[in-house]
Amino acid sequence: MTESHSRVAIVTGAGRGIGAAVARRLSADGFAVGLLDLDSSAVKSGAEDLASGGGRAVGVGLDVSNTEQVEAAVAKVAEELGPPTVLVNNAGITRDNLIFKMTDEDWDSVLNVHLRGSFLMTRAVQKHMTAQKWGRIVNLSSTSALGNRGQVNYSAAKAGMQGFTKTLAIELGKFNVTANAIAPGFIATDMTAATAERLGIPFEDFKKGAAQQIPVQRVGTPDDIAHTVSFLVSEGAGFVSGQVIYVAGGPKD
Ligand code: NAP
């Protein structure tokens with residue numbers, strides 16, 4: 001099939017962890033990639049790495065929960081690389097606490113980054129997708145959407161990502177735009193390392209303990225998620241929409 005749409009992807013939270021792996025994978029798949037993150041130096045050097053490997057990439061610093069910064073970053077990617085047709089809403093934070101100790105700030109900051117951030121990013125990018133009658137949106141949910149002690153803010157945000165995804169699939173389907181969510185289980189990144197530190201458990205022990213609870217007997221890697229993103233944004237995945245794929249080494253529901 002001849003592709004008439006641009007092959008330009010935006011990945012948020014691409015400074016490290018899962019987002020950095022997704023950006024590398026999409027570049028290897030032939031996409032020009034806009035790497036967006038709070039940490040602008042990390043995404044600028046990430047983009048340089050991709051360019052030195054023969055890809056096209058730009059790194060832009062932003063806070064995904066800030067409307068003006070989101071609009072400016074999407075415009076910059078469109079200007080430098082072409083109109084984006086793939087969006088991976090991956091930027092995320094945790095502010096864990098039991099509900100009786102959780103502050104207003106913990107609640108607001110987590111919902112702002114995940115939900116408001118994904119909303120602002122998607123609103124800004126979908127106009128390029130609908131104009132080209134082709135698009136792929138992938139939102140990062142989590143197994144925590146099903147409930148997780150100490151994460152009332154994060155699990156609400158990640159469950160929200162699933163409803164957000166299904167509604168995008170319904171609204172944007174007629175423009176040949178799909179929307180799906182990936183719900184990772186335990187992935188070894190700075191985020192899970194920070195959880196181990198908060199609990200006072202060495203990260204290696206924390207990973208070993210987690211692996212014992214996972215049917216495939218290992219924790220996940222950022223590349224496990226990047227591989228699933230690569231499938232969902234592919235040409236051949238155009239009839240997969242509104243789905244939540246648990247990438248957790250076993251079943252979750
Ligand atoms: P990570 O290593 O902590 O990386 C998250 C990235 O998001 C960081 O580069 C961070 O920037 C960036 N970010 C945070 N707030 C932002 C904002 N307001 N605007 C722009 N960028 C922002 O996390 P990860 O483990 O790769 O997780 C990536 C996604 O997968 C998240 O949505 C997370 O909830 C989800 N997830 C992860 C796991 C897991 O086990 N790791 C499991 C399920 C779901 P800074 O570096 O500047 O802070």
# chains A, B, ... in the order shown; residues from 1 in each chain; ligands from 1
$ residues_near_ligand --ligand "ligand 1" --cutoff "6 Å" --atoms "only C-alpha atoms and all ligand atoms" --output "PyMOL selection string"
chain A and resi 13-19+37-39+62-65+90-93+113+140-142+184-192
$ residues_around --residues "range 194-203 of chain A" --least-positions-apart "6" --cutoff "10 Å" --atoms "only C-alpha atoms" --output "MDAnalysis selection string"
chainID A and resid 94:96 188 209
$ write_last_selection --atoms "N, CA and C atoms" --output "mmCIF file, in the first residue's frame"
data_model
loop_
_atom_site.group_PDB
_atom_site.id
_atom_site.type_symbol
_atom_site.label_atom_id
_atom_site.label_comp_id
_atom_site.auth_asym_id
_atom_site.auth_seq_id
_atom_site.Cartn_x
_atom_site.Cartn_y
_atom_site.Cartn_z
ATOM 1 N N THR A 94 4.812 9.790 39.482
ATOM 2 C CA THR A 94 4.087 9.200 40.610
ATOM 3 C C THR A 94 4.293 10.105 41.835
ATOM 4 N N ARG A 95 3.282 10.194 42.659
ATOM 5 C CA ARG A 95 3.365 10.882 43.959
ATOM 6 C C ARG A 95 2.582 9.992 44.920
ATOM 7 N N ASP A 96 3.182 8.843 45.283
ATOM 8 C CA ASP A 96 2.459 7.808 46.021
ATOM 9 C C ASP A 96 2.265 8.170 47.494
ATOM 10 N N ALA A 188 11.298 -2.080 34.454
ATOM 11 C CA ALA A 188 12.475 -1.562 35.166
ATOM 12 C C ALA A 188 12.901 -0.218 34.575
ATOM 13 N N GLY A 209 11.742 -9.802 43.561
ATOM 14 C CA GLY A 209 10.457 -10.067 44.227
ATOM 15 C C GLY A 209 9.298 -9.911 43.263
#
$ select_by_dssp --residues "range 14-208 of chain A" --states "strand (DSSP E or B)" --output "number ranges by chain"
A: 32-37, 57-61, 86-89, 97, 135-140, 151, 177-184, 187
$ residues_around --residues "Trp134 in chain A" --least-positions-apart "4" --cutoff "6 Å" --atoms "only C-alpha atoms" --output "PDB file with C-alpha atoms, in the first residue's frame"
ATOM      1  CA  MET A 129      -3.981  13.645  11.888  1.00  0.00           C
ATOM      2  CA  ASN A 176      -8.779   6.884   9.993  1.00  0.00           C
ATOM      3  CA  VAL A 177      -7.198   7.686  13.354  1.00  0.00           C
TER       4      VAL A 177
END
$ residues_around --residues "Val60 in chain A" --least-positions-apart "5" --cutoff "12 Å" --atoms "only C-alpha atoms" --output "PyMOL selection string"
chain A and resi 10-15+33-48+69-78+80
$ closest_residue --among "A:Ala51, A:Ala20, A:Leu98, A:Ala226" --to "Gln151 in chain A" --atoms "only C-alpha atoms"
A:Leu98
$ residues_around --residues "Lys174 in chain A" --least-positions-apart "3" --cutoff "10 Å" --atoms "only C-alpha atoms" --output "number ranges by chain"
A: 130, 133-134, 169-171, 177-178
$ closest_residue --among "A:Ala237, A:Asn66, A:Leu87, A:Asp108" --to "Leu26 in chain A" --atoms "only C-alpha atoms"
A:Leu87
$ residues_around --residues "Val22 in chain A" --least-positions-apart "6" --cutoff "9 Å" --atoms "only C-alpha atoms" --output "PyMOL selection string"
chain A and resi 11+14+88+222-223+225-227+229-230
$ write_last_selection --atoms "N, CA and C atoms" --output "PDB file, in the first residue's frame"
ATOM      1  N   VAL A  11       6.663  11.715  20.829  1.00  0.00           N
ATOM      2  CA  VAL A  11       6.675  10.897  22.048  1.00  0.00           C
ATOM      3  C   VAL A  11       6.906  11.825  23.224  1.00  0.00           C
ATOM      4  N   ALA A  14      10.074  11.583  26.633  1.00  0.00           N
ATOM      5  CA  ALA A  14      11.077  10.818  25.864  1.00  0.00           C
ATOM      6  C   ALA A  14      12.490  11.014  26.392  1.00  0.00           C
ATOM      7  N   VAL A  88       2.428   9.463  21.045  1.00  0.00           N
ATOM      8  CA  VAL A  88       2.525   8.541  22.177  1.00  0.00           C
ATOM      9  C   VAL A  88       2.522   9.378  23.451  1.00  0.00           C
ATOM     10  N   PRO A 222      11.835  -1.405  29.026  1.00  0.00           N
ATOM     11  CA  PRO A 222      11.259  -0.386  28.140  1.00  0.00           C
ATOM     12  C   PRO A 222      11.058  -0.894  26.707  1.00  0.00           C
ATOM     13  N   ASP A 223      11.951  -1.771  26.240  1.00  0.00           N
ATOM     14  CA  ASP A 223      11.798  -2.298  24.872  1.00  0.00           C
ATOM     15  C   ASP A 223      10.555  -3.172  24.716  1.00  0.00           C
ATOM     16  N   ILE A 225       7.707  -2.442  25.905  1.00  0.00           N
ATOM     17  CA  ILE A 225       6.636  -1.475  25.615  1.00  0.00           C
ATOM     18  C   ILE A 225       6.841  -0.865  24.228  1.00  0.00           C
ATOM     19  N   ALA A 226       8.105  -0.561  23.896  1.00  0.00           N
ATOM     20  CA  ALA A 226       8.388   0.032  22.579  1.00  0.00           C
ATOM     21  C   ALA A 226       7.927  -0.893  21.452  1.00  0.00           C
ATOM     22  N   HIS A 227       8.095  -2.189  21.657  1.00  0.00           N
ATOM     23  CA  HIS A 227       7.691  -3.167  20.637  1.00  0.00           C
ATOM     24  C   HIS A 227       6.175  -3.127  20.429  1.00  0.00           C
ATOM     25  N   VAL A 229       4.195  -0.545  21.088  1.00  0.00           N
ATOM     26  CA  VAL A 229       3.886   0.729  20.424  1.00  0.00           C
ATOM     27  C   VAL A 229       4.126   0.587  18.924  1.00  0.00           C
ATOM     28  N   SER A 230       5.254  -0.022  18.560  1.00  0.00           N
ATOM     29  CA  SER A 230       5.605  -0.187  17.147  1.00  0.00           C
ATOM     30  C   SER A 230       4.489  -0.913  16.395  1.00  0.00           C
TER      31      SER A 230
END
$ atom_distance --atom1 "CA of Thr67 in chain A" --atom2 "CA of Asn112 in chain A"
11.4 Å
$ atom_distance --atom1 "CA of Gly147 in chain A" --atom2 "CA of Ala159 in chain A"
8.9 Å
$ select_by_dssp --residues "range 127-207 of chain A" --states "helix (DSSP H, G or I)" --output "PyMOL selection string"
chain A and resi 127-132+143-146+152-175+190-199+203-207
$ closest_residue --among "A:Arg136, A:Lys158, A:His5, A:Arg56" --to "Arg116 in chain A" --atoms "only C-alpha atoms"
A:Lys158
$ residues_around --residues "Ala156 in chain A" --least-positions-apart "6" --cutoff "12 Å" --atoms "only C-alpha atoms" --output "list in words"
Thr94, Trp107, Asp108, Val110, Leu111, Asn112, His114, Leu115, Ser141, Ser142, Thr143, Ser144, Ala145, Leu146, Gly147, Asn148, Arg149, Gly150, Gln162 and Gly163 of chain A
$ atom_distance --atom1 "CA of Thr167 in chain A" --atom2 "CA of Asp106 in chain A"
26.5 Å
$ closest_residue --among "A:Leu81, A:Ile214, A:Val86, A:Leu50" --to "Gln132 in chain A" --atoms "only C-alpha atoms"
A:Val86
